[in-house]
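As structure tokens, the structure follows; a few thoughts come after it.
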Amino acid sequence: MKKLLVLASALLLSLVSVQSHAGSFRVTPDATVEREGLYGATVFESRYKILVLIPGREITSLKKFHAVLADGLKLPKTYGANFDALYDVLTDPSVIGKNWDITIIGGKDFEHNLGLEKTQAIIDTLNDAQEQDRMNTFMFWM
């Protein structure tokens, strides 16, 4: 039941975020695949978009955060696991090849685990990357 609720929430968030853009996004039910990411993150992938749903309580270090994104977005082994490298891979369409949606739920736990400064750096990096292509989405839920 919990997975069904998470799936429904993630798909709704994805559709709402896409609806806010000028284009349209249609996925047939058999085109979306769910897979578990590292450290409990859930990844939904269709032909056009990758949605990474990260529970804040599961992220206890920057290393884990970068590992979850590298796994969820299928980043190359050369990914540098720092904020500059994160921005570079998220804004280079040849690296991921699909639009992305990164959602962090439980932001209070996330902030408690990483600290305010690191959390703000992550939010700033993901917001800056999203600004480069408005079809990509980042959400941070407290």
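Ligands are numbered from 1 in the order shown, residues from 1 within each chain, and chains are lettered A, B, ... in the order they appear in the structure tokens.
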Tell me, as a ChimeraX atom specification, which residues lie within 10 Å of Phe83 in chain A, counting only C-alpha atoms; anything in the same chain fewer than 3 positions away does not count.
-> /A:62,66,80,86-88,121-122,124-126
All residues 12 Å or closer to His112 in chain A, only C-alpha atoms, same chain fewer than 3 positions away omitted, as a ChimeraX atom specification | /A:56-61,106-109,115-120,142
Excluding Ala129 in chain A and its own-chain neighbours fewer than 4 positions away, which residues fall within 12 Å of it when counting only C-alpha atoms? Please give them as a short mmCIF file (atom, residue, chain, number, x, y, z; two decimals) with C-alpha atoms, in the first residue's frame.
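Listed below is the output, selection.cif:
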data_model
loop_
_atom_site.label_atom_id
_atom_site.label_comp_id
_atom_site.auth_asym_id
_atom_site.auth_seq_id
_atom_site.Cartn_x
_atom_site.Cartn_y
_atom_site.Cartn_z
CA PHE A 83 28.02 20.32 -6.88
CA ASP A 84 29.79 21.51 -10.03
CA ALA A 85 29.66 18.01 -11.53
CA LEU A 86 25.99 17.67 -10.54
CA TYR A 87 25.10 20.92 -12.28
CA ASP A 88 27.08 19.88 -15.36
CA VAL A 89 25.38 16.47 -15.76
CA LEU A 90 21.91 17.87 -15.11
CA THR A 91 22.29 20.61 -17.72
CA ASP A 92 23.97 18.48 -20.41
CA PRO A 93 21.20 16.61 -22.29
CA ASN A 99 14.05 15.05 -18.75
CA TRP A 100 14.39 14.59 -15.02
CA ASP A 101 12.30 15.20 -11.95
CA ILE A 102 14.09 15.14 -8.59
CA ILE A 122 21.90 21.22 -2.92
CA ILE A 123 18.70 23.24 -3.34
CA ASP A 124 20.57 26.06 -5.10
CA THR A 125 22.38 23.66 -7.45
CA ASP A 133 15.48 23.59 -19.07
CA ARG A 134 12.01 24.16 -17.60
CA MET A 135 10.93 20.64 -18.60
CA ASN A 136 13.13 19.41 -15.75
CA THR A 137 11.73 19.67 -12.26
CA PHE A 138 13.09 19.90 -8.74
#
Write out as a PyMOL selection string which residues come within 12 Å of Val68 in chain A when counting only C-alpha atoms, dropping same-chain ones fewer than 2 positions away.
-> chain A and resi 36-43+52-56+58-66+70-75+81+86+102+104
May I ask for the distance between CA of Leu69 in chain A and CA of Glu45 in chain A, given in Å to one decimal place?
->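 Interatomic distance here is 13.4 Å.
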Range 38-142 of chain A: which residues are strand (DSSP E) by DSSP, as number ranges by chain?
-> A: 42-45, 49-55, 99-105, 137-140
